[in-house]
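Below you'll find the structure, written out as structure tokens, and then a few comments.
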Amino acid sequence: MIRTLGITNDQQLLADFSLEEIKTGKFIWYWVDFESPTTEENRLLSSFFHFHPLAIEDCLMRLQRPKLDYYEGYHFLVAHKINKETFEGEEVNLFVAPDFIVTYHHSPAPEFAIVRERIEEMPASWERGPLYIAYQVLDKIVDGYFPLVYDIEDHLNEIDDEIGFKSTTKSMKYVFDLRSDLLHIRRIVLPMRDLLYRILNSYRFRLNDQERAYFMDIHDHLIKLTEMVESNRELTADMRDSHMSINSSRMNGIMMILTIISSIFIPLTFIAGVYGMNFKNMPELNWHYGYFIILFIMFGIAFSMAIWFKLKGWFDYRP
């Protein structure tokens, strides 16, 4: 699907006009948006707009790294938006020139609809031209990162409070899932930050002070996102270490209890084994009260050892 928007020489905003009208020269600037284009629409990148074959190839191949290239008469930008379901990057391509902007994306992007509505509702923004649209698109894409990171941060804080009381394998599996989502976001945010840095510092991308302030704002947001992602990744690492420490302490407590039980029953097992041999020349077997005496001795040993372990503090280790 192709959608168009443009400002004419007599300061009129036109929408959804045909590409043939562009050739009339009546537009100060225009915006052409390719959304989930067909094969025939893809051919227009070459046959109508005459973009460079390498730029067209980057559009069709998908998932190029965010970058900025300069071709004669226009800039070519590759940006990434985040799929909210899979946390994978979705490529957005922009061809930016002084008198036009062409955007290209394979999947629906609500960011473009928001920018389009804002331009239609705010006539004052018409005069700013294609570069302002590029800024708005990039700004909306970056703004879409924040809810995802905030949501992950909230979940991590909830799990962190839970781990303080009880660490479970299920909760840690969820932590690792969130860590994986953070890794996907990080792979998108860092290249996007580099892209904005190139835009701000490229001698070919000539920005005035006002335009530089706008793009600097996006760059600042990306720096903040980078810090948030790194902070949350460190939090997941701390939670993993806490989980391992809690499990290790719990295991030590269990081993201590088993050791106490084994230590108490070893001498009792030895006594029971000795008198279980049933040799004929064992005088104790013929004692009238021998059974009760041995039970009393075994009980005394068990009780004495339990008191001794208690004094040593062994019972303080609990799972």
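Letters A, B, ... go to the chains of the structure tokens in the order shown; residues in each chain start at 1; ligands are counted from 1 in the same order.
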Point to revise | In stretch 51-288 of chain A, DSSP strand (DSSP E) residues written as a list in words | key: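 The strand (DSSP E) residues within stretch 51-288 of chain A come out as Lys67, Leu68, Asp69, Tyr70, Tyr71, Tyr74, His75, Phe76, Leu77, Val78, Ala79, His80, Lys81, Ile82, Gly89, Glu90, Glu91, Val92, Asn93, Leu94, Phe95, Val96, Ala97, Phe100, Ile101, Val102, Thr103, Tyr104 and His105 of chain A.
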Residues as selected, N, CA, C and O atoms, written as a compact mmCIF listing (two decimals), in the first residue's frame, can you do that?
# COMPACT_ATOMS: atom_id res chain seq x y z
N LYS A 67 21.68 2.45 9.94
CA LYS A 67 22.81 3.13 9.33
C LYS A 67 22.34 4.38 8.60
O LYS A 67 21.14 4.61 8.40
N LEU A 68 23.33 5.16 8.17
CA LEU A 68 23.08 6.38 7.40
C LEU A 68 24.01 6.36 6.19
O LEU A 68 25.23 6.28 6.34
N ASP A 69 23.44 6.41 5.01
CA ASP A 69 24.20 6.47 3.76
C ASP A 69 23.81 7.73 3.00
O ASP A 69 22.66 8.21 3.11
N TYR A 70 24.76 8.22 2.24
CA TYR A 70 24.49 9.41 1.44
C TYR A 70 24.61 9.07 -0.03
O TYR A 70 25.63 8.51 -0.47
N TYR A 71 23.58 9.38 -0.79
CA TYR A 71 23.60 9.25 -2.24
C TYR A 71 23.33 10.63 -2.84
O TYR A 71 22.90 11.56 -2.14
N TYR A 74 20.11 12.86 -1.91
CA TYR A 74 19.27 12.40 -0.80
C TYR A 74 20.09 11.56 0.17
O TYR A 74 21.16 11.04 -0.17
N HIS A 75 19.55 11.43 1.39
CA HIS A 75 20.12 10.56 2.41
C HIS A 75 19.27 9.30 2.52
O HIS A 75 18.05 9.36 2.36
N PHE A 76 19.93 8.20 2.85
CA PHE A 76 19.21 6.93 3.07
C PHE A 76 19.47 6.47 4.49
O PHE A 76 20.62 6.29 4.91
N LEU A 77 18.38 6.32 5.26
CA LEU A 77 18.48 5.90 6.66
C LEU A 77 17.79 4.55 6.85
O LEU A 77 16.72 4.32 6.29
N VAL A 78 18.41 3.73 7.65
CA VAL A 78 17.79 2.47 8.09
C VAL A 78 17.63 2.55 9.60
O VAL A 78 18.61 2.76 10.34
N ALA A 79 16.40 2.42 10.06
CA ALA A 79 16.10 2.43 11.50
C ALA A 79 15.37 1.14 11.86
O ALA A 79 14.88 0.42 10.98
N HIS A 80 15.31 0.85 13.15
CA HIS A 80 14.63 -0.36 13.62
C HIS A 80 13.57 0.00 14.66
O HIS A 80 13.86 0.70 15.63
N LYS A 81 12.36 -0.48 14.44
CA LYS A 81 11.33 -0.45 15.47
C LYS A 81 11.26 -1.83 16.09
O LYS A 81 11.79 -2.81 15.54
N ILE A 82 10.63 -1.93 17.27
CA ILE A 82 10.58 -3.20 17.99
C ILE A 82 9.19 -3.81 17.89
O ILE A 82 8.18 -3.14 18.13
N GLY A 89 13.63 -6.82 15.95
CA GLY A 89 13.66 -5.57 15.23
C GLY A 89 12.95 -5.67 13.89
O GLY A 89 13.02 -6.69 13.21
N GLU A 90 12.25 -4.61 13.52
CA GLU A 90 11.60 -4.52 12.22
C GLU A 90 12.15 -3.29 11.51
O GLU A 90 12.14 -2.19 12.04
N GLU A 91 12.62 -3.50 10.31
CA GLU A 91 13.34 -2.46 9.60
C GLU A 91 12.41 -1.39 9.05
O GLU A 91 11.34 -1.69 8.52
N VAL A 92 12.85 -0.15 9.17
CA VAL A 92 12.16 1.01 8.60
C VAL A 92 13.20 1.79 7.79
O VAL A 92 14.27 2.12 8.31
N ASN A 93 12.90 2.07 6.54
CA ASN A 93 13.83 2.76 5.66
C ASN A 93 13.30 4.14 5.30
O ASN A 93 12.09 4.30 5.06
N LEU A 94 14.20 5.12 5.25
CA LEU A 94 13.81 6.49 4.93
C LEU A 94 14.75 7.06 3.87
O LEU A 94 15.99 7.00 4.04
N PHE A 95 14.18 7.61 2.82
CA PHE A 95 14.92 8.37 1.83
C PHE A 95 14.57 9.84 2.07
O PHE A 95 13.41 10.24 1.90
N VAL A 96 15.54 10.64 2.47
CA VAL A 96 15.28 12.02 2.87
C VAL A 96 16.03 12.97 1.96
O VAL A 96 17.26 12.87 1.80
N ALA A 97 15.31 13.88 1.37
CA ALA A 97 15.88 14.92 0.52
C ALA A 97 15.25 16.25 0.91
O ALA A 97 14.26 16.27 1.66
N PHE A 100 11.57 16.00 -0.59
CA PHE A 100 10.73 14.81 -0.47
C PHE A 100 11.27 13.90 0.63
O PHE A 100 12.44 13.99 1.02
N ILE A 101 10.40 13.03 1.10
CA ILE A 101 10.78 11.93 1.98
C ILE A 101 9.98 10.71 1.55
O ILE A 101 8.76 10.80 1.34
N VAL A 102 10.66 9.60 1.38
CA VAL A 102 10.04 8.33 1.03
C VAL A 102 10.35 7.35 2.15
O VAL A 102 11.53 7.13 2.48
N THR A 103 9.32 6.80 2.76
CA THR A 103 9.50 5.81 3.83
C THR A 103 9.06 4.44 3.32
O THR A 103 8.11 4.33 2.54
N TYR A 104 9.75 3.42 3.79
CA TYR A 104 9.50 2.07 3.29
C TYR A 104 9.58 1.10 4.47
O TYR A 104 10.58 1.08 5.19
N HIS A 105 8.54 0.30 4.66
CA HIS A 105 8.54 -0.69 5.74
C HIS A 105 7.66 -1.87 5.34
O HIS A 105 6.61 -1.70 4.72
Write out as CSV the residues of stretch 77-155 of chain A that have any atom within 9 Å of an atom of stretch 169-185 of chain A, one row each with the nearest atom pair and its distance in Å to one decimal, counting only C-alpha atoms, sorted by chain and then rising number.
residue,atom,partner,partner_atom,distance
A:Ile82,CA,A:Ile185,CA,7.6
A:Thr86,CA,A:Asp181,CA,8.4
A:Phe87,CA,A:His184,CA,6.1
A:Glu88,CA,A:His184,CA,6.4
A:Gly89,CA,A:His184,CA,7.9
A:Tyr145,CA,A:Ile185,CA,7.9
A:Leu148,CA,A:Ile185,CA,8.7
A:Val149,CA,A:Leu182,CA,7.7
A:Ile152,CA,A:Leu178,CA,6.6
A:His155,CA,A:Leu178,CA,8.4
Point to revise | Pick from A:Ala15, A:Leu196, A:Ile28, A:Leu190, whichever lies nearest to A:Glu117 using only C-alpha atoms | key: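 Among A:Ala15, A:Leu196, A:Ile28, A:Leu190, it is A:Ala15 that comes nearest to A:Glu117.
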Check your understanding: Suppose you want the space between atom CA of A:Met216 and atom CA of A:Arg204; what is it in Å?
Key ->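 It comes out at 16.6 Å.
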Review point. Quick one: of A:Arg118, A:Arg186, A:Lys280, A:His106, who's nearest to A:Leu63, counting only C-alpha atoms?
Key: A:His106
Review point. Using the chain letters and numbers from this document, which residues of stretch 38-237 of chain A does DSSP assign to alpha helix (DSSP H), as a PyMOL selection string?
Key: chain A and resi 39-47+53-61+110-121+130-143+145-165+169-201+209-237
Export, as a compact mmCIF listing (two decimals), in the first residue's frame, the selected residues with C-alpha atoms.
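Below is the file that was written, result-v1.txt:
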# COMPACT_ATOMS: atom_id res chain seq x y z
CA THR A 39 6.22 -6.53 -6.04
CA GLU A 40 4.89 -3.95 -8.47
CA GLU A 41 5.12 -1.22 -5.84
CA ASN A 42 8.69 -2.24 -5.09
CA ARG A 43 9.61 -1.61 -8.71
CA LEU A 44 8.60 2.04 -8.27
CA LEU A 45 11.67 2.60 -6.09
CA SER A 46 13.74 2.15 -9.22
CA SER A 47 11.45 3.06 -12.11
CA PRO A 53 20.34 -0.02 -6.46
CA LEU A 54 22.25 -0.57 -3.21
CA ALA A 55 19.66 1.40 -1.23
CA ILE A 56 16.84 -0.53 -2.91
CA GLU A 57 18.61 -3.79 -2.10
CA ASP A 58 18.86 -2.76 1.56
CA CYS A 59 15.10 -2.13 1.56
CA LEU A 60 14.25 -5.50 0.05
CA MET A 61 16.75 -7.64 2.00
CA PRO A 110 1.44 2.83 13.83
CA GLU A 111 4.22 5.38 14.23
CA PHE A 112 3.67 6.56 10.66
CA ALA A 113 -0.05 6.97 11.18
CA ILE A 114 0.59 9.06 14.29
CA VAL A 115 3.02 11.32 12.42
CA ARG A 116 0.62 11.66 9.50
CA GLU A 117 -2.26 12.65 11.81
CA ARG A 118 -0.07 15.16 13.62
CA ILE A 119 0.94 16.84 10.37
CA GLU A 120 -2.69 17.01 9.24
CA GLU A 121 -3.77 18.48 12.59
CA PRO A 130 10.86 16.26 5.04
CA LEU A 131 13.53 16.52 7.72
CA TYR A 132 10.86 17.27 10.32
CA ILE A 133 8.92 14.20 9.21
CA ALA A 134 12.09 12.11 9.50
CA TYR A 135 12.56 13.46 13.02
CA GLN A 136 8.95 12.69 13.95
CA VAL A 137 9.21 9.12 12.61
CA LEU A 138 12.46 8.42 14.45
CA ASP A 139 11.11 10.05 17.62
CA LYS A 140 7.96 7.90 17.60
CA ILE A 141 10.01 4.77 16.96
CA VAL A 142 12.29 5.52 19.91
CA ASP A 143 9.35 6.46 22.12
CA TYR A 145 10.99 1.47 23.15
CA PHE A 146 10.23 3.00 26.54
CA PRO A 147 6.99 1.13 27.43
CA LEU A 148 8.71 -2.19 26.73
CA VAL A 149 11.68 -1.37 28.94
CA TYR A 150 9.47 0.06 31.70
CA ASP A 151 7.30 -3.07 31.62
CA ILE A 152 10.35 -5.34 31.95
CA GLU A 153 11.68 -3.17 34.78
CA ASP A 154 8.37 -3.44 36.68
CA HIS A 155 8.34 -7.23 36.31
CA LEU A 156 11.94 -7.46 37.51
CA ASN A 157 11.18 -5.35 40.58
CA GLU A 158 8.25 -7.61 41.44
CA ILE A 159 10.37 -10.72 41.06
CA ASP A 160 13.20 -9.12 43.05
CA ASP A 161 10.82 -8.56 45.97
CA GLU A 162 9.62 -12.14 45.68
CA ILE A 163 13.14 -13.54 45.64
CA GLY A 164 13.80 -11.69 48.88
CA PHE A 165 11.32 -14.06 50.55
CA THR A 169 12.91 -22.09 39.71
CA LYS A 170 9.81 -20.78 37.95
CA SER A 171 10.58 -17.19 38.89
CA MET A 172 14.18 -17.53 37.74
CA LYS A 173 13.05 -18.96 34.41
CA TYR A 174 10.94 -15.83 33.99
CA VAL A 175 13.97 -13.69 34.88
CA PHE A 176 16.00 -15.38 32.15
CA ASP A 177 13.16 -14.79 29.68
CA LEU A 178 13.17 -11.09 30.60
CA ARG A 179 16.95 -11.02 30.28
CA SER A 180 16.60 -12.42 26.77
CA ASP A 181 14.08 -9.67 25.93
CA LEU A 182 16.52 -7.07 27.25
CA LEU A 183 19.21 -8.51 25.03
CA HIS A 184 16.95 -8.14 21.99
CA ILE A 185 16.20 -4.53 22.94
CA ARG A 186 19.89 -3.82 23.51
CA ARG A 187 20.73 -5.10 20.02
CA ILE A 188 18.34 -2.51 18.64
CA VAL A 189 18.98 0.46 20.93
CA LEU A 190 22.77 0.55 20.62
CA PRO A 191 22.86 0.68 16.78
CA MET A 192 20.05 3.25 16.83
CA ARG A 193 22.12 5.37 19.20
CA ASP A 194 25.03 5.14 16.79
CA LEU A 195 22.72 6.13 13.94
CA LEU A 196 21.62 9.31 15.73
CA TYR A 197 25.23 10.08 16.59
CA ARG A 198 26.11 9.89 12.89
CA ILE A 199 23.18 12.12 11.96
CA LEU A 200 24.31 14.73 14.48
CA ASN A 201 27.95 14.62 13.46
CA ASP A 209 20.44 24.68 15.40
CA GLN A 210 16.72 23.96 15.71
CA GLU A 211 16.94 20.69 13.78
CA ARG A 212 20.01 19.64 15.74
CA ALA A 213 18.11 20.21 18.99
CA TYR A 214 15.33 17.89 17.83
CA PHE A 215 17.67 15.07 16.83
CA MET A 216 19.76 15.61 19.96
CA ASP A 217 16.62 14.97 21.99
CA ILE A 218 16.22 11.55 20.32
CA HIS A 219 19.89 10.80 20.96
CA ASP A 220 19.43 11.67 24.65
CA HIS A 221 16.47 9.29 24.83
CA LEU A 222 18.56 6.50 23.36
CA ILE A 223 21.33 7.14 25.88
CA LYS A 224 18.75 6.92 28.67
CA LEU A 225 17.38 3.69 27.19
CA THR A 226 20.87 2.24 26.99
CA GLU A 227 21.45 2.99 30.67
CA MET A 228 18.08 1.49 31.62
CA VAL A 229 18.72 -1.69 29.64
CA GLU A 230 22.20 -2.12 31.11
CA SER A 231 20.88 -1.43 34.62
CA ASN A 232 18.14 -4.02 34.23
CA ARG A 233 20.58 -6.57 32.80
CA GLU A 234 22.76 -6.05 35.87
CA LEU A 235 19.67 -6.52 38.03
CA THR A 236 18.94 -9.87 36.36
CA ALA A 237 22.54 -10.92 36.99
Exercise for review: Between atom CA of A:Asn278 and atom CA of A:Phe299, measure the distance and give it in Å to one decimal.
Suggested key: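 Interatomic distance here is 21.8 Å.
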Practice item. Return the single residue from A:Pro98, A:Ala306, A:Glu284, A:Glu72 that is closest to A:Arg206, with distances computed using only C-alpha atoms. Key: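 Under the stated criterion, the closest residue is A:Pro98.
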Point to revise | Nearest to A:Thr24, chosen from A:Gly313, A:Trp287, A:Asn9, A:Glu85, with only C-alpha atoms counted in the distances | key: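 Of A:Gly313, A:Trp287, A:Asn9, A:Glu85, the one nearest A:Thr24, counting only C-alpha atoms, is A:Asn9.
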Check your understanding: How far is it from atom CA of A:Thr4 to atom CA of A:Phe17, in Å with one decimal?
Key ->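 Separation of atom CA of A:Thr4 and atom CA of A:Phe17: 6.0 Å.
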